[in-house]
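What follows is one structure encoded as structure tokens, with my remarks underneath.
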Amino acid sequence: MAPLRAAVLGLGQRGLQHLHALWQLQTEGAVRIVALADPRPENLEADKLRGFVPGYEPDGIGLFTSFEELMRTTQINALYLCIPPGFHAGEAVEAARCGMHVFVEKPMSLYLDEALSMEMAIATAGVVAAGGFQRRYEAAATATHEFLRNKRMVMVTMVSEGFLEMHSVKHTDTARRGGPRDGVWAKNSTWSGTSVVEAGIHQTDLMRYWCGDIEWVQAAYVPREEDDIHDGGDNPYAYTVTYGFESGAVGNLLMSRLRKVYRSASYQIAMWDHGHLTLDPEGPVAHYYEGHYPPQSKPAPEDLRHPLPLPEAEDSTLAINRDFITAATAGDKSGLRSSFAGTMNSLVAVLAANVSHELNGERIYLKAFASERRFAPYRQRPSD
């Protein structure tokens, strides 16, 4: 069987990381990179690409500055969409209708109606499609998922302390489109959809990987003061989001994006009815008692600590690419860990968190958010 013919649209930070992984898979004979597209010609220059993809050579690869030109002149089996989430223009829908398998980087869109149209086109065409949630492929996340699979989950909490400038490598000409001059669009609410949508969607998706789908969300943000906005960096200082899972468990996502701090830290804990699990630096550790109950005396700490065995580690971006290319080659999405449809609940949840904040912390049920008329203005792309 001939290797899959793949193209990447968008050679920014994430697109370059996917190209690096695809280059590795190409050396293994699993895929053939046939086209790259980016609106900035300098992002397609071989010398620049070699700085991110060692050994890159442009021979046999079509280079384009528009999606339309790419589609018109290249035969493609699989398309990677790695463009800022607010600037989709029907590419995923058209690619699916043309029979292409589609990989859409997260967040798949800032507008739920647009993402739903992608999902419908993908389902109608019957193509394989993935969302870019590579954290599901991390060894610690996988071990945690396997351990918690049959547990009665009660709560999961994730804390992400970050700084506004933390995304330092961006390749989009944001200034030309009215965004930040330095290109760091992740700090701007219009471009990123808030930090919960752009970054917190990863933690949200991990919570779902361990606890199942989310039913409702409540949120409160601390908006940035006007006099503390520098070069378009207007995302809130802090976020608190509560998720209600269909299983009955609850989740807490606590995030910060402070300016002039340049420090980040994180903390994760997942609780089931008879224990809890922490993601320690050396890996996930479960804490629970398994002796005679009730014990005659309080158990020693070392008797409660159970480090989980970790599967063999692989770069998570390489792993998600391998999974997608394998599924697309076989035309079988059943084993895809990060399918587009399977990760839509993560997108709906973070978009609904923004709505909950705007509505003063109202509890937003995701099914209602996706269908009820009163939420329609929040689901749609604003008109120019």
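By order in the structure tokens, chains are A, B, ...; within a chain, residues start at 1; ligands start at 1, following the order shown.
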So which residues touch stretch 23-39 of chain A within 6 Å, counting only C-alpha atoms, skipping near sequence neighbours fewer than 5 positions away, as a compact mmCIF listing (two decimals) with C-alpha atoms, in the first residue's frame?
```
# COMPACT_ATOMS: atom_id res chain seq x y z
CA PRO A 3 1.97 5.78 1.97
CA LEU A 4 -0.62 8.41 2.78
CA ARG A 5 -0.08 11.76 0.99
CA ALA A 6 -0.23 14.46 3.68
CA ALA A 7 -0.20 18.27 3.65
CA VAL A 8 0.16 20.82 6.44
CA LEU A 9 -1.70 24.14 6.35
CA GLY A 10 -0.11 26.61 8.77
CA LEU A 11 3.61 26.50 9.59
CA ILE A 61 6.97 19.06 -1.70
CA GLY A 62 4.62 21.67 -3.12
CA LEU A 63 4.79 25.05 -1.41
CA PHE A 64 1.73 27.30 -1.40
CA THR A 65 0.56 30.54 0.19
CA SER A 66 -3.18 29.81 0.11
```
Go through stretch 53-168 of chain A and flag each residue having an atom no more than 8 Å from stretch 262-273 of chain A; for those, report the closest pair of atoms plus their distance in Å to one decimal, using only C-alpha atoms, ordered by chain and rising number, as JSON lines.
```
{"residue": "A:Leu148", "atom": "CA", "partner": "A:Trp272", "partner_atom": "CA", "distance": 8.0}
{"residue": "A:Lys151", "atom": "CA", "partner": "A:Trp272", "partner_atom": "CA", "distance": 6.1}
{"residue": "A:Arg152", "atom": "CA", "partner": "A:Trp272", "partner_atom": "CA", "distance": 5.4}
{"residue": "A:Met153", "atom": "CA", "partner": "A:Trp272", "partner_atom": "CA", "distance": 4.1}
{"residue": "A:Val154", "atom": "CA", "partner": "A:Trp272", "partner_atom": "CA", "distance": 5.1}
{"residue": "A:Met155", "atom": "CA", "partner": "A:Met271", "partner_atom": "CA", "distance": 5.1}
{"residue": "A:Val156", "atom": "CA", "partner": "A:Ala270", "partner_atom": "CA", "distance": 4.2}
{"residue": "A:Thr157", "atom": "CA", "partner": "A:Ile269", "partner_atom": "CA", "distance": 5.4}
{"residue": "A:Met158", "atom": "CA", "partner": "A:Gln268", "partner_atom": "CA", "distance": 4.5}
{"residue": "A:Val159", "atom": "CA", "partner": "A:Tyr267", "partner_atom": "CA", "distance": 5.0}
{"residue": "A:Ser160", "atom": "CA", "partner": "A:Ser266", "partner_atom": "CA", "distance": 4.6}
{"residue": "A:Glu161", "atom": "CA", "partner": "A:Ala265", "partner_atom": "CA", "distance": 5.1}
{"residue": "A:Gly162", "atom": "CA", "partner": "A:Ser264", "partner_atom": "CA", "distance": 4.5}
{"residue": "A:Phe163", "atom": "CA", "partner": "A:Tyr262", "partner_atom": "CA", "distance": 5.6}
{"residue": "A:Glu165", "atom": "CA", "partner": "A:Tyr262", "partner_atom": "CA", "distance": 7.3}
{"residue": "A:Met166", "atom": "CA", "partner": "A:Tyr262", "partner_atom": "CA", "distance": 7.1}
```
From a DSSP calculation on the backbone, collect every residue of stretch 244-309 of chain A in helix (DSSP H, G or I) and output the set as a VMD selection string.
chain A and resid 301 to 304
Do you know which residues are at most 8 Å from stretch 345-352 of chain A counting only C-alpha atoms, after dropping those on the same chain fewer than 2 positions away, and could you put them as a ChimeraX atom specification?
/A:107-108,110-112,196-197,200-201,204-205,208,213-214,216-217,342-343,354-356,364,366,369-370
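Atom CA of A:Thr174 to atom CA of A:Asp113 spans 24.3 Å [interatomic distance, one decimal].
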Residues near A:Pro311, cut-off 8 Å, only C-alpha atoms, skip fewer than 2 positions along chain, as an MDAnalysis selection string:
chainID A and resid 139 142:143 309 313
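Here atom CA of A:Tyr289 and atom CA of A:Phe245 stand 26.0 Å from one another.
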Which distance in Å separates atom CA of A:Ala328 and atom CA of A:Ala341, to one decimal?
14.9 Å
So which residues touch A:His357 within 8 Å, counting only C-alpha atoms, skipping near sequence neighbours fewer than 6 positions away, as an NGL selection string?
:A and (218-221)
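The protein and nucleic acid residues lying at most 7 Å from A:Asn235 are Lys187, Asn188, Ser189, Thr194, Ser195, Arg224, Gly233 and Tyr237 of chain A, with only C-alpha atoms considered and sequence neighbours fewer than 2 positions away removed.
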Could you build a table of the residues in stretch 59-134 of chain A lying no more than 12 Å from stretch 373-381 of chain A, giving for each the nearest pair of atoms and their separation in Å rounded to one decimal place, using only C-alpha atoms, ordered by chain and ascending residue number, as JSON lines?
```
{"residue": "A:Pro85", "atom": "CA", "partner": "A:Arg381", "partner_atom": "CA", "distance": 11.5}
{"residue": "A:Gly86", "atom": "CA", "partner": "A:Arg381", "partner_atom": "CA", "distance": 8.7}
{"residue": "A:Phe87", "atom": "CA", "partner": "A:Arg381", "partner_atom": "CA", "distance": 10.2}
{"residue": "A:His88", "atom": "CA", "partner": "A:Arg381", "partner_atom": "CA", "distance": 10.5}
{"residue": "A:Ala89", "atom": "CA", "partner": "A:Arg381", "partner_atom": "CA", "distance": 10.9}
{"residue": "A:Ser109", "atom": "CA", "partner": "A:Arg381", "partner_atom": "CA", "distance": 9.7}
{"residue": "A:Leu110", "atom": "CA", "partner": "A:Arg381", "partner_atom": "CA", "distance": 8.0}
{"residue": "A:Tyr111", "atom": "CA", "partner": "A:Arg379", "partner_atom": "CA", "distance": 5.2}
{"residue": "A:Leu112", "atom": "CA", "partner": "A:Arg379", "partner_atom": "CA", "distance": 4.8}
{"residue": "A:Asp113", "atom": "CA", "partner": "A:Arg379", "partner_atom": "CA", "distance": 5.4}
{"residue": "A:Glu114", "atom": "CA", "partner": "A:Gln380", "partner_atom": "CA", "distance": 7.3}
{"residue": "A:Ala115", "atom": "CA", "partner": "A:Arg379", "partner_atom": "CA", "distance": 9.4}
{"residue": "A:Leu116", "atom": "CA", "partner": "A:Arg379", "partner_atom": "CA", "distance": 9.7}
{"residue": "A:Ser117", "atom": "CA", "partner": "A:Gln380", "partner_atom": "CA", "distance": 11.3}
```
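Shell of A:Glu290 at 12 Å, with only C-alpha atoms counted and residues fewer than 2 places along the chain excluded, is His274, Gly275, Ala286, His287, Tyr288, His292, Tyr293, Pro294, Pro295, Pro299, Asp303, Leu304, Arg305 and His306 of chain A.
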Could those residues be written to a file, using N, CA and C atoms, as a short mmCIF file (atom, residue, chain, number, x, y, z; two decimals), in the first residue's frame?
```cif
data_model
loop_
_atom_site.label_atom_id
_atom_site.label_comp_id
_atom_site.auth_asym_id
_atom_site.auth_seq_id
_atom_site.Cartn_x
_atom_site.Cartn_y
_atom_site.Cartn_z
N HIS A 274 -12.41 5.96 47.13
CA HIS A 274 -11.58 5.41 48.20
C HIS A 274 -10.10 5.71 48.00
N GLY A 275 -9.79 6.86 47.42
CA GLY A 275 -8.39 7.22 47.28
C GLY A 275 -8.20 8.41 46.36
N ALA A 286 -0.77 6.77 43.22
CA ALA A 286 -2.08 6.56 43.84
C ALA A 286 -1.89 6.40 45.34
N HIS A 287 -2.79 6.99 46.10
CA HIS A 287 -2.73 6.96 47.55
C HIS A 287 -4.02 6.31 48.06
N TYR A 288 -3.90 5.10 48.63
CA TYR A 288 -5.08 4.41 49.14
C TYR A 288 -4.65 3.29 50.09
N HIS A 292 -6.61 -4.78 55.92
CA HIS A 292 -7.82 -5.10 56.69
C HIS A 292 -8.48 -3.80 57.16
N TYR A 293 -9.82 -3.76 57.03
CA TYR A 293 -10.53 -2.53 57.41
C TYR A 293 -11.59 -2.87 58.46
N PRO A 294 -11.68 -2.08 59.51
CA PRO A 294 -10.82 -0.92 59.82
C PRO A 294 -9.49 -1.37 60.41
N PRO A 295 -8.43 -0.61 60.12
CA PRO A 295 -7.11 -0.98 60.65
C PRO A 295 -7.05 -0.72 62.16
N PRO A 299 -2.56 3.72 59.16
CA PRO A 299 -1.52 3.16 58.29
C PRO A 299 -0.37 4.13 58.10
N ASP A 303 2.75 2.86 53.33
CA ASP A 303 1.81 1.80 52.99
C ASP A 303 0.65 2.30 52.15
N LEU A 304 0.49 3.60 52.08
CA LEU A 304 -0.61 4.19 51.30
C LEU A 304 -0.16 4.65 49.92
N ARG A 305 1.13 4.68 49.68
CA ARG A 305 1.67 5.27 48.45
C ARG A 305 1.97 4.18 47.43
N HIS A 306 1.34 4.31 46.25
CA HIS A 306 1.46 3.28 45.21
C HIS A 306 1.81 3.94 43.87
#
```
Could you pull out all residues of stretch 25-268 of chain A with a DSSP call of strand (DSSP E) and give them as a ChimeraX atom specification?
/A:31-37,62-64,78-81,101-104,129-131,153-163,214-222,238-245,250-258,265-268
